[in-house]
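Data block for my_file-v1.cif (mmCIF, C-alpha atoms and all ligand atoms):
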data_data
loop_
_atom_site.group_PDB
_atom_site.id
_atom_site.type_symbol
_atom_site.label_atom_id
_atom_site.label_comp_id
_atom_site.auth_asym_id
_atom_site.auth_seq_id
_atom_site.Cartn_x
_atom_site.Cartn_y
_atom_site.Cartn_z
ATOM 1 C CA MET N 61 232.506 14.659 -60.773
ATOM 2 C CA ASN N 62 231.378 14.558 -64.378
ATOM 3 C CA CYS N 63 227.833 14.574 -65.701
ATOM 4 C CA ASN N 64 226.333 11.076 -65.534
ATOM 5 C CA ILE N 65 224.921 11.374 -69.019
ATOM 6 C CA CYS N 66 227.491 13.046 -71.228
ATOM 7 C CA SER N 67 230.345 12.031 -68.857
ATOM 8 C CA ILE N 68 232.485 14.743 -70.398
ATOM 9 C CA LEU N 69 231.493 17.988 -68.707
ATOM 10 C CA PRO N 70 231.647 18.374 -64.933
ATOM 11 C CA PHE N 71 228.337 19.127 -63.212
ATOM 12 C CA GLY N 72 227.381 22.772 -63.406
ATOM 13 C CA THR N 73 229.559 23.797 -66.320
ATOM 14 C CA GLY N 74 226.859 24.333 -68.869
ATOM 15 C CA CYS N 75 225.838 20.785 -69.606
ATOM 16 C CA ALA N 76 222.124 20.800 -70.468
ATOM 17 C CA THR N 77 221.594 17.669 -68.400
ATOM 18 C CA TYR N 78 222.910 19.278 -65.233
ATOM 19 C CA ILE N 79 219.506 19.851 -63.652
ATOM 20 C CA ALA N 80 218.215 16.356 -64.369
ATOM 21 C CA SER N 81 221.388 14.437 -63.630
ATOM 22 C CA PRO N 82 221.367 14.433 -59.810
ATOM 23 C CA ARG N 83 218.165 12.396 -59.980
ATOM 24 C CA LEU N 84 220.185 9.539 -61.400
ATOM 25 C CA THR N 85 221.753 8.850 -58.055
ATOM 26 C CA ARG N 86 218.466 8.984 -56.160
ATOM 27 C CA ARG N 87 216.178 6.956 -58.404
ATOM 28 C CA LYS N 88 214.735 3.714 -57.108
ATOM 29 C CA LYS N 89 214.803 0.487 -59.087
ATOM 30 C CA GLY N 90 211.972 -1.904 -59.744
ATOM 31 C CA LYS N 91 209.166 0.603 -59.835
ATOM 32 C CA MET N 92 208.240 0.436 -63.474
ATOM 33 C CA LYS N 93 206.672 -2.060 -65.832
ATOM 34 C CA LEU N 94 206.371 -2.356 -69.577
ATOM 35 C CA ILE N 95 202.953 -3.596 -70.582
ATOM 36 C CA ILE N 96 202.757 -5.218 -73.999
ATOM 37 C CA ALA N 97 199.353 -6.168 -75.341
ATOM 38 C CA TYR N 98 198.155 -7.779 -78.562
ATOM 39 C CA ILE N 99 194.569 -6.907 -79.374
ATOM 40 C CA GLN N 100 192.129 -7.119 -82.253
ATOM 41 C CA PRO N 101 192.643 -4.064 -84.495
ATOM 42 C CA GLU N 102 188.968 -3.079 -84.326
ATOM 43 C CA ARG N 103 189.172 -2.834 -80.533
ATOM 44 C CA LEU N 104 191.902 -0.187 -80.554
ATOM 45 C CA ASN N 105 189.576 2.795 -80.170
ATOM 46 C CA ALA N 106 187.723 1.199 -77.280
ATOM 47 C CA VAL N 107 191.011 0.396 -75.538
ATOM 48 C CA LYS N 108 192.281 3.940 -76.054
ATOM 49 C CA GLN N 109 189.043 5.294 -74.637
ATOM 50 C CA ALA N 110 189.283 3.049 -71.579
ATOM 51 C CA LEU N 111 192.902 4.127 -71.056
ATOM 52 C CA TYR N 112 192.016 7.825 -71.344
ATOM 53 C CA GLU N 113 189.264 7.387 -68.769
ATOM 54 C CA ARG N 114 191.988 6.248 -66.358
ATOM 55 C CA GLU N 115 194.290 9.110 -67.343
ATOM 56 C CA ILE N 116 196.700 6.864 -69.195
ATOM 57 C CA TYR N 117 197.682 8.798 -72.295
ATOM 58 C CA LYS N 118 201.099 7.532 -73.324
ATOM 59 C CA ILE N 119 201.081 4.593 -75.647
ATOM 60 C CA SER N 120 202.908 3.171 -78.638
ATOM 61 C CA VAL N 121 200.915 1.240 -81.203
ATOM 62 C CA THR N 122 202.272 -0.881 -84.025
ATOM 63 C CA ASN N 123 200.783 -3.294 -86.479
ATOM 64 C CA ALA N 124 201.609 -6.883 -85.699
ATOM 65 C CA LEU N 125 201.049 -10.322 -87.135
ATOM 66 C CA GLY N 126 200.397 -13.005 -84.597
ATOM 67 C CA CYS N 127 199.315 -16.488 -83.836
ATOM 68 C CA GLY N 128 197.548 -17.654 -80.697
ATOM 69 C CA ARG N 129 196.733 -21.174 -79.644
ATOM 70 C CA GLN N 130 194.293 -21.720 -82.509
ATOM 71 C CA GLY N 131 197.255 -21.589 -84.877
ATOM 72 C CA GLY N 132 195.408 -19.896 -87.727
ATOM 73 C CA TYR N 133 192.872 -21.227 -90.193
ATOM 74 C CA VAL N 134 192.535 -22.480 -93.753
ATOM 75 C CA LYS N 135 190.949 -20.503 -96.584
ATOM 76 C CA MET N 136 190.450 -20.922 -100.304
ATOM 77 C CA TYR N 137 192.311 -18.518 -102.589
ATOM 78 C CA ARG N 138 191.854 -18.842 -106.365
ATOM 79 C CA GLY N 139 190.797 -22.405 -105.952
ATOM 80 C CA ALA N 140 193.772 -23.350 -103.820
ATOM 81 C CA VAL N 141 193.762 -24.117 -100.125
ATOM 82 C CA GLU N 142 195.801 -21.573 -98.264
ATOM 83 C CA GLU N 143 196.772 -21.717 -94.632
ATOM 84 C CA VAL N 144 196.548 -18.419 -92.778
ATOM 85 C CA THR N 145 198.637 -18.781 -89.665
ATOM 86 C CA LEU N 146 199.346 -15.166 -88.860
ATOM 87 C CA LEU N 147 196.475 -12.792 -88.147
ATOM 88 C CA LYS N 148 196.517 -9.015 -87.997
ATOM 89 C CA LYS N 149 196.793 -7.669 -84.474
ATOM 90 C CA MET N 150 197.657 -4.378 -82.867
ATOM 91 C CA ARG N 151 200.596 -4.339 -80.503
ATOM 92 C CA LEU N 152 200.375 -1.836 -77.675
ATOM 93 C CA ALA N 153 203.350 -0.856 -75.548
ATOM 94 C CA ILE N 154 202.663 1.149 -72.414
ATOM 95 C CA ALA N 155 205.359 1.954 -69.861
ATOM 96 C CA VAL N 156 203.964 2.739 -66.430
ATOM 97 C CA ASN N 157 204.918 3.166 -62.828
ATOM 98 C CA ASP N 158 203.876 0.185 -60.713
ATOM 99 C CA ASP N 159 200.794 1.881 -59.272
ATOM 100 C CA TYR N 160 199.351 2.118 -62.785
ATOM 101 C CA VAL N 161 199.775 -1.530 -63.761
ATOM 102 C CA GLU N 162 196.363 -2.781 -62.624
ATOM 103 C CA LYS N 163 194.578 0.252 -64.045
ATOM 104 C CA THR N 164 196.266 -0.312 -67.388
ATOM 105 C CA ILE N 165 195.362 -4.004 -67.457
ATOM 106 C CA ASP N 166 191.755 -3.181 -66.524
ATOM 107 C CA ALA N 167 191.520 -0.660 -69.349
ATOM 108 C CA ILE N 168 192.899 -3.034 -71.969
ATOM 109 C CA VAL N 169 190.605 -5.855 -70.875
ATOM 110 C CA GLU N 170 187.596 -3.546 -70.743
ATOM 111 C CA GLY N 171 188.254 -2.208 -74.220
ATOM 112 C CA ALA N 172 189.415 -5.385 -75.944
ATOM 113 C CA ARG N 173 187.279 -8.185 -74.531
ATOM 114 C CA THR N 174 184.462 -9.530 -76.682
ATOM 115 C CA GLY N 175 184.490 -13.029 -75.229
ATOM 116 C CA GLU N 176 185.520 -14.531 -78.566
ATOM 117 C CA ILE N 177 188.739 -16.406 -79.237
ATOM 118 C CA GLY N 178 191.533 -14.124 -80.365
ATOM 119 C CA ASP N 179 190.645 -11.243 -78.037
ATOM 120 C CA GLY N 180 194.324 -10.911 -77.267
ATOM 121 C CA LYS N 181 196.863 -11.139 -74.532
ATOM 122 C CA ILE N 182 198.660 -8.876 -72.086
ATOM 123 C CA PHE N 183 202.247 -9.286 -70.960
ATOM 124 C CA VAL N 184 203.709 -7.382 -68.004
ATOM 125 C CA LEU N 185 207.493 -7.038 -68.060
ATOM 126 C CA PRO N 186 209.814 -5.576 -65.450
ATOM 127 C CA MET N 187 211.385 -2.401 -66.791
ATOM 128 C CA ASP N 188 214.796 -1.280 -65.579
ATOM 129 C CA GLU N 189 215.016 2.176 -66.973
ATOM 130 C CA CYS N 190 213.285 4.982 -68.816
ATOM 131 C CA VAL N 191 215.051 8.067 -70.134
ATOM 132 C CA ARG N 192 213.414 11.242 -71.381
ATOM 133 C CA ILE N 193 215.882 12.181 -74.057
ATOM 134 C CA ARG N 194 215.142 15.920 -74.013
ATOM 135 C CA THR N 195 215.874 16.471 -70.325
ATOM 136 C CA GLY N 196 217.900 13.472 -69.242
ATOM 137 C CA GLU N 197 215.297 12.624 -66.598
ATOM 138 C CA ARG N 198 215.285 8.976 -65.684
ATOM 139 C CA GLY N 199 213.135 6.394 -63.964
ATOM 140 C CA PRO N 200 209.590 6.977 -62.696
ATOM 141 C CA GLU N 201 209.792 10.713 -63.343
ATOM 142 C CA ALA N 202 210.570 10.200 -66.996
ATOM 143 C CA ILE N 203 207.558 7.984 -67.654
ATOM 144 C CA GLY N 204 204.775 10.390 -66.743
HETATM 145 N N1 LIG M 1 202.513 -16.856 -75.914
HETATM 146 C C1 LIG M 1 202.500 -15.846 -76.770
HETATM 147 N N2 LIG M 1 203.659 -15.252 -77.142
HETATM 148 C C2 LIG M 1 203.668 -14.221 -77.997
HETATM 149 N N3 LIG M 1 202.575 -13.676 -78.528
HETATM 150 C C3 LIG M 1 201.394 -14.214 -78.180
HETATM 151 C C4 LIG M 1 201.297 -15.329 -77.289
HETATM 152 N N4 LIG M 1 199.995 -15.622 -77.135
HETATM 153 C C5 LIG M 1 199.324 -14.749 -77.885
HETATM 154 N N5 LIG M 1 200.161 -13.913 -78.534
HETATM 155 C C6 LIG M 1 199.811 -12.805 -79.410
HETATM 156 O O1 LIG M 1 198.509 -12.393 -79.052
HETATM 157 C C7 LIG M 1 197.640 -12.496 -80.166
HETATM 158 C C8 LIG M 1 196.277 -12.844 -79.695
HETATM 159 O O2 LIG M 1 196.340 -14.078 -79.052
HETATM 160 P P1 LIG M 1 195.007 -14.876 -78.765
HETATM 161 O O3 LIG M 1 194.026 -13.926 -78.168
HETATM 162 O O4 LIG M 1 194.563 -15.618 -79.981
HETATM 163 O O5 LIG M 1 195.550 -15.852 -77.634
HETATM 164 P P2 LIG M 1 195.069 -17.313 -77.302
HETATM 165 O O6 LIG M 1 196.030 -17.831 -76.277
HETATM 166 O O7 LIG M 1 194.923 -18.093 -78.581
HETATM 167 O O8 LIG M 1 193.657 -17.096 -76.605
HETATM 168 P P3 LIG M 1 192.186 -17.329 -77.197
HETATM 169 O O9 LIG M 1 191.884 -18.781 -76.968
HETATM 170 O O10 LIG M 1 191.313 -16.397 -76.455
HETATM 171 O O11 LIG M 1 192.257 -16.989 -78.671
HETATM 172 C C9 LIG M 1 198.305 -13.514 -81.056
HETATM 173 O O12 LIG M 1 197.909 -13.367 -82.414
HETATM 174 C C10 LIG M 1 199.768 -13.201 -80.863
HETATM 175 O O13 LIG M 1 200.092 -12.036 -81.637
HETATM 176 MG MG MG M 2 193.650 -17.439 -80.093
#
Spit out the file's structure as structure tokens when you get a sec.
Amino acid sequence: MNCNICSILPFGTGCATYIASPRLTRRKKGKMKLIIAYIQPERLNAVKQALYEREIYKISVTNALGCGRQGGYVKMYRGAVEEVTLLKKMRLAIAVNDDYVEKTIDAIVEGARTGEIGDGKIFVLPMDECVRIRTGERGPEAIG
């Protein structure tokens, strides 16, 4: 039987993924979620702090432009009325095992909530797979 990852070399013939590969056949599905959150940029440090307090350290952060239900606002620029529909937000992506979902949501809410409109939103998506590229580990073991 060939390696599940490179599919060229048989197991045990020097393929670097040999040790990790048997886990492929044993992993369970449906145990991971991808949490996407849009927050106010100035709340990022507080959210990170709240995540660290719950031992959640792995996160991807990107700049985003977004529009919530207010749909933006109107401002004057050089005497002209300009509609600003997209506001600066931070997009967080955090992949977790299911037992960390509530903790992650709690941390984001704790760090990001001011009570004002535009505080942000959290989406929880089912996640089929996670692969640690270096080792070939997959699934719940690859996340942490
Ligand atoms: N349904 C959605 N789909 C995709 N992105 C969304 C959605 N709702 C909100 N966002 C993203 O989240 C950001 C923050 O949303 P926001 O907090 O303004 O939501 P809201 O529904 O308008 O709630 P609030 O009334 O508290 O402002 C938006 O700028 C956008 O980037
Ligand atoms: Mg809004």
Quick one: of N:Thr164, N:Asn157, N:Thr174, N:Asn105, who's nearest to ligand LIG 1 (chain M), counting all atoms listed in the file?
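Selected residue with least distance to ligand LIG 1 (chain M): N:Thr174.
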Measuring atom to atom with all atoms listed in the file, identify which of N:Leu147, N:Ala202, N:Cys127, N:Ile119 is nearest to N:Ile96.
N:Ile119
Please identify all protein, DNA and RNA residues within 7 Å of ligand MG 2 (chain M), counting all atoms listed in the file, and report them as a list of chain:residue names.
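Sorted by chain and then by number, the residues are N:Cys127, N:Gly128, N:Arg129, N:Gln130, N:Ile177, N:Gly178.
Selecting all polymer residues at most 8 Å from ligand LIG 1 (chain M), using all atoms listed in the file, gives Ala97, Tyr98, Ile99, Gln100, Ala124, Leu125, Gly126, Cys127, Gly128, Arg129, Gln130, Gly131, Leu146, Leu147, Lys148, Lys149, Arg151, Gly175, Glu176, Ile177, Gly178, Asp179, Gly180, Lys181 and Ile182 of chain N.
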Atom CA of N:Ile168 to atom CA of N:Lys93 measures 15.1 Å
Report, in Å to a single decimal, how far apart atom CA of N:Thr195 and atom CA of N:Phe183 are.
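Separation of atom CA of N:Phe183 and atom CA of N:Thr195: 29.1 Å.
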Could you tell me which residues the PyMOL selection byres (((chain N and resi 116) around 10) and not hetatm) returns for this structure, as JSON, numbers by chain?
{"N": [108, 109, 110, 111, 112, 113, 114, 115, 117, 118, 119, 154, 155, 156, 160, 163, 164, 167, 204]}
Interatomic distance between atom CA of N:Ala153 and atom CA of N:Glu189?
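Atom-to-atom, atom CA of N:Ala153 to atom CA of N:Glu189, that is 14.8 Å.
Considering the residues N:Ala140, N:Val184, N:Val121, N:Val107 and counting only C-alpha atoms, N:Met92 has its shortest atom-to-atom contact with N:Val184.
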If I wrap all listed atoms of stretch 125-140 of chain N in a box with edges along x, y and z and add 6 Å on each side, what are its centre and edge lengths in Å to one decimal, as AutoDock Vina command-line options?
--center_x 195.7 --center_y -16.8 --center_z -93.0 --size_x 22.6 --size_y 25.0 --size_z 38.7
Among listed residues N:Leu152, N:Val141, N:Ile165, N:Ala172, nearest N:Glu102 (using only C-alpha atoms):
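Checking each of N:Leu152, N:Val141, N:Ile165, N:Ala172 against N:Glu102, counting only C-alpha atoms, the winner is N:Ala172.
Nearest to N:Val161 of all the residues N:Arg194, N:Ala106, N:Pro186, N:Val144 is N:Pro186, based on all atoms listed in the file.
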